[in-house]
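Let me begin by presenting the structure, written as structure tokens, before commenting on it.
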Amino acid sequence: MQKAVSRDGTVIAYDRTGRGPALVLVGGAFQVRDHPSWIRLADLLGEQYTVVRYDRRGRGDSGDTAPYDVAREVEDLAAVMAELEGPVRVMGMSSGAVLALEAAARGLPIAELALYEPPFVVEDSRPPVPADYIGRLDALLAEGRRAEAVAYMLTTAVQVPAQHVEAMREAPLWDHFVAVAHTLAYDARVVGDTMEGRPLPADRWAAVDIPVLAIGGGASDTWLQAGARALADLLPTAVHRTLEGQTHDVDPAALAPA
């Protein structure tokens with residue numbers, strides 16, 4: 001484990017794998033740098049790149065400093081990138097894809113972006129998140145109801161059936177979900193209003209003029225596939241690719257070559 005220090009003094013933990021041009025992986029909700037699939041992806045990409053996977057603030061071995069702001073997470077990524085040499089490429093997963101895109105729009109010197117299924121809701125194949133989604137998460141977390149916050153996020157934002165969430169409570173991974181529950185409010189702020197069933201904002205990422213690869217899984221829910229395509233349609237420098245047979249829980253062996 002290595003450490004970078006963000007602008008506000010928060011310590012960000014990261015690991016390096018492989019050698020070659022720098023590539024930083026930005027995780028989505030619940031993801032930490034030592035998740036087996038994240039390690040596997042880094043190992044595969046490490047055949048061509050120096051791959052950095054890091055714990056976003058509030059997770060794993062990274063620190064956390066209140067109050068939260070999306071700008072602080074952009075600064076965290078900047079601090080990690082500053083530890084690397086040469087042009088830095090960034091790959092983002094789910095809400096981490098939105099954070100990576102936001103970082104590029106705010107001027108971080110990212111050479112290229114690869115984004116897997118940013119959780120945009122741009123059509124009507126599913127309900128949008130409620131207007132009070134962030135407020136509800138904040139209230140549950142303020143009351144110490146962390147497990148309820150996890151269940152609310154999964155059923156409301158991800159559209160996992162309630163009975164499946166109840167079964168998940170018995171799985172070993174549930175304890176990890178509860179431990180990082182406070183960061184779900186961070187992800188909600190990163191994603192912002194892009195899950196409300198409207199077209200993507202035309203100007204939010206207008207400053208992004210680098211190559212962007214927007215990837216969707218061919219077996220993912222319709223709304224996730226639509227979100228990746230909508231982003232590629234929006235950005236002049238973006239291209240879209242579908243990984244046939246893949247879902248939001250993408251196989252690293254299918255993702256790495258793309």
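By order in the structure tokens, chains are A, B, ...; within a chain, residues start at 1; ligands start at 1, following the order shown.
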Can you tell me, as a PDB file with N, CA and C atoms, in the first residue's frame, what residues are no more than 12 Å from A:Asp203 when counting only C-alpha atoms, ignoring any on the same chain fewer than 6 positions away?
ATOM      1  N   GLU A 102     -16.362  13.660 -14.471  1.00  0.00           N
ATOM      2  CA  GLU A 102     -16.420  14.965 -13.816  1.00  0.00           C
ATOM      3  C   GLU A 102     -15.019  15.525 -13.626  1.00  0.00           C
ATOM      4  N   ALA A 105     -13.803  16.941 -16.824  1.00  0.00           N
ATOM      5  CA  ALA A 105     -14.492  18.198 -17.132  1.00  0.00           C
ATOM      6  C   ALA A 105     -13.964  19.350 -16.284  1.00  0.00           C
ATOM      7  N   LEU A 234     -23.493  11.976 -26.757  1.00  0.00           N
ATOM      8  CA  LEU A 234     -23.380  13.351 -26.290  1.00  0.00           C
ATOM      9  C   LEU A 234     -21.997  13.944 -26.555  1.00  0.00           C
ATOM     10  N   LEU A 235     -20.953  13.155 -26.343  1.00  0.00           N
ATOM     11  CA  LEU A 235     -19.578  13.664 -26.417  1.00  0.00           C
ATOM     12  C   LEU A 235     -18.999  13.436 -27.809  1.00  0.00           C
TER      13      LEU A 235
END
Per residue of stretch 151-252 of chain A within 10 Å of stretch 116-132 of chain A, note the shortest atom pair and the distance in Å to one decimal, counting only C-alpha atoms, and order the rows by chain and increasing residue number, as JSON lines.
{"residue": "A:Met153", "atom": "CA", "partner": "A:Val129", "partner_atom": "CA", "distance": 9.7}
{"residue": "A:Thr156", "atom": "CA", "partner": "A:Val129", "partner_atom": "CA", "distance": 6.3}
{"residue": "A:Ala157", "atom": "CA", "partner": "A:Val129", "partner_atom": "CA", "distance": 6.0}
{"residue": "A:Val158", "atom": "CA", "partner": "A:Pro119", "partner_atom": "CA", "distance": 8.5}
{"residue": "A:Gln159", "atom": "CA", "partner": "A:Arg126", "partner_atom": "CA", "distance": 8.2}
{"residue": "A:Val191", "atom": "CA", "partner": "A:Pro119", "partner_atom": "CA", "distance": 7.7}
{"residue": "A:Gly192", "atom": "CA", "partner": "A:Phe120", "partner_atom": "CA", "distance": 9.8}
{"residue": "A:Asp193", "atom": "CA", "partner": "A:Ala131", "partner_atom": "CA", "distance": 8.7}
{"residue": "A:Thr194", "atom": "CA", "partner": "A:Phe120", "partner_atom": "CA", "distance": 5.3}
{"residue": "A:Met195", "atom": "CA", "partner": "A:Val121", "partner_atom": "CA", "distance": 4.3}
{"residue": "A:Glu196", "atom": "CA", "partner": "A:Pro128", "partner_atom": "CA", "distance": 4.6}
{"residue": "A:Gly197", "atom": "CA", "partner": "A:Val122", "partner_atom": "CA", "distance": 4.5}
{"residue": "A:Arg198", "atom": "CA", "partner": "A:Val122", "partner_atom": "CA", "distance": 4.9}
{"residue": "A:Pro199", "atom": "CA", "partner": "A:Val122", "partner_atom": "CA", "distance": 5.1}
{"residue": "A:Leu200", "atom": "CA", "partner": "A:Val122", "partner_atom": "CA", "distance": 6.8}
{"residue": "A:Leu213", "atom": "CA", "partner": "A:Tyr116", "partner_atom": "CA", "distance": 8.4}
{"residue": "A:Ala214", "atom": "CA", "partner": "A:Tyr116", "partner_atom": "CA", "distance": 6.2}
{"residue": "A:Ile215", "atom": "CA", "partner": "A:Tyr116", "partner_atom": "CA", "distance": 4.8}
{"residue": "A:Gly216", "atom": "CA", "partner": "A:Glu117", "partner_atom": "CA", "distance": 5.3}
{"residue": "A:Gly217", "atom": "CA", "partner": "A:Glu117", "partner_atom": "CA", "distance": 7.6}
{"residue": "A:Ser220", "atom": "CA", "partner": "A:Glu117", "partner_atom": "CA", "distance": 9.1}
{"residue": "A:Asp221", "atom": "CA", "partner": "A:Ser125", "partner_atom": "CA", "distance": 8.9}
{"residue": "A:Thr222", "atom": "CA", "partner": "A:Ser125", "partner_atom": "CA", "distance": 6.8}
{"residue": "A:Trp223", "atom": "CA", "partner": "A:Val121", "partner_atom": "CA", "distance": 6.0}
{"residue": "A:Leu224", "atom": "CA", "partner": "A:Glu117", "partner_atom": "CA", "distance": 6.0}
{"residue": "A:Gln225", "atom": "CA", "partner": "A:Glu117", "partner_atom": "CA", "distance": 7.0}
{"residue": "A:Ala226", "atom": "CA", "partner": "A:Val122", "partner_atom": "CA", "distance": 7.0}
{"residue": "A:Gly227", "atom": "CA", "partner": "A:Phe120", "partner_atom": "CA", "distance": 4.8}
{"residue": "A:Ala228", "atom": "CA", "partner": "A:Glu117", "partner_atom": "CA", "distance": 5.6}
{"residue": "A:Arg229", "atom": "CA", "partner": "A:Glu117", "partner_atom": "CA", "distance": 9.2}
{"residue": "A:Ala230", "atom": "CA", "partner": "A:Val122", "partner_atom": "CA", "distance": 7.6}
{"residue": "A:Leu231", "atom": "CA", "partner": "A:Pro118", "partner_atom": "CA", "distance": 8.7}
{"residue": "A:Arg241", "atom": "CA", "partner": "A:Tyr116", "partner_atom": "CA", "distance": 9.7}
{"residue": "A:Thr242", "atom": "CA", "partner": "A:Tyr116", "partner_atom": "CA", "distance": 9.9}
{"residue": "A:Thr247", "atom": "CA", "partner": "A:Glu117", "partner_atom": "CA", "distance": 9.3}
{"residue": "A:His248", "atom": "CA", "partner": "A:Glu117", "partner_atom": "CA", "distance": 7.0}
{"residue": "A:Val250", "atom": "CA", "partner": "A:Tyr116", "partner_atom": "CA", "distance": 8.9}
(message) Using Å and a single decimal, report how far atom CA of A:Pro67 sits from atom CA of A:Met81.
(response)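 It comes out at 23.0 Å.
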(message) What's around A:Val190 at 7 Å? Count only C-alpha atoms, leave out sequence neighbours fewer than 2 positions away in its own chain, and write the answer as number ranges by chain.
(response) A: 70, 98-99, 186-188, 192
Could you write out that same residue set with N, CA and C atoms as a JSON list (two decimals), in the first residue's frame?
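So selection-v6.json came out as:
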[["chain", "number", "residue", "atom", "x", "y", "z"],
["A", 70, "VAL", "N", -18.11, 16.93, -3.92],
["A", 70, "VAL", "CA", -17.59, 16.22, -5.09],
["A", 70, "VAL", "C", -16.20, 16.75, -5.47],
["A", 98, "VAL", "N", -18.72, 8.26, -13.52],
["A", 98, "VAL", "CA", -19.21, 9.64, -13.49],
["A", 98, "VAL", "C", -18.19, 10.54, -12.81],
["A", 99, "LEU", "N", -17.57, 10.06, -11.73],
["A", 99, "LEU", "CA", -16.54, 10.84, -11.06],
["A", 99, "LEU", "C", -15.36, 11.09, -11.99],
["A", 186, "TYR", "N", -22.12, 10.00, -0.84],
["A", 186, "TYR", "CA", -21.11, 10.62, -1.69],
["A", 186, "TYR", "C", -21.38, 10.29, -3.16],
["A", 187, "ASP", "N", -21.62, 8.99, -3.43],
["A", 187, "ASP", "CA", -21.91, 8.58, -4.80],
["A", 187, "ASP", "C", -23.15, 9.27, -5.34],
["A", 188, "ALA", "N", -24.15, 9.44, -4.48],
["A", 188, "ALA", "CA", -25.38, 10.10, -4.92],
["A", 188, "ALA", "C", -25.10, 11.52, -5.37],
["A", 192, "GLY", "N", -25.50, 13.00, -9.06],
["A", 192, "GLY", "CA", -26.33, 14.19, -9.16],
["A", 192, "GLY", "C", -27.69, 13.91, -9.76]]
(request) To one decimal in Å, tell me the separation between atom CA of A:Lys3 and atom CA of A:Arg33. (result) 12.7 Å
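In terms of minimum interatomic distance to A:Arg53, A:Met91 ranks closest within A:Met91, A:Val74, A:Ala258, A:Val5, counting only C-alpha atoms.
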Which residues of stretch 110-224 of chain A come within 8 Å of stretch 17-30 of chain A, and for each one, what is the closest pair of atoms and their distance in Å to one decimal, counting only C-alpha atoms, sorted by chain and residue number, as CSV?
residue,atom,partner,partner_atom,distance
A:His176,CA,A:Phe30,CA,7.8
A:Phe177,CA,A:Phe30,CA,6.1
A:Val180,CA,A:Phe30,CA,6.4
A:Ala181,CA,A:Phe30,CA,7.8
A:Thr183,CA,A:Ala29,CA,7.6
A:Leu184,CA,A:Ala29,CA,6.5
A:Asp187,CA,A:Ala29,CA,6.5
Could the residues in this selection be saved with C-alpha atoms as a PDB file, in the first residue's frame?
ATOM      1  CA  HIS A 176     -18.808  -4.569   4.038  1.00  0.00           C
ATOM      2  CA  PHE A 177     -21.788  -2.794   2.490  1.00  0.00           C
ATOM      3  CA  VAL A 180     -19.108   1.880   3.747  1.00  0.00           C
ATOM      4  CA  ALA A 181     -22.778   2.919   3.806  1.00  0.00           C
ATOM      5  CA  THR A 183     -20.165   6.758   1.088  1.00  0.00           C
ATOM      6  CA  LEU A 184     -23.435   6.014  -0.709  1.00  0.00           C
ATOM      7  CA  ASP A 187     -21.908   8.577  -4.797  1.00  0.00           C
TER       8      ASP A 187
END
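Pairwise distance (atom CA of A:Leu44, atom CA of A:Asp251) equals 11.4 Å.
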(request) Check stretch 19-258 of chain A with DSSP on the backbone and list each residue it calls helix (DSSP H, G or I), as an NGL selection string. (result) :A and (36-45 or 70-81 or 95-105 or 133-142 or 146-156 or 162-168 or 173-179 or 183-191 or 222-234 or 252-255)
(message) Let me make sure I understand: among A:Pro236, A:Gly218, A:Gly60, A:Pro172, which one has the smallest atom-to-atom distance to A:Ala202 if we use only C-alpha atoms?
(response)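 Ranking A:Pro236, A:Gly218, A:Gly60, A:Pro172 by distance to A:Ala202, first place goes to A:Pro236.
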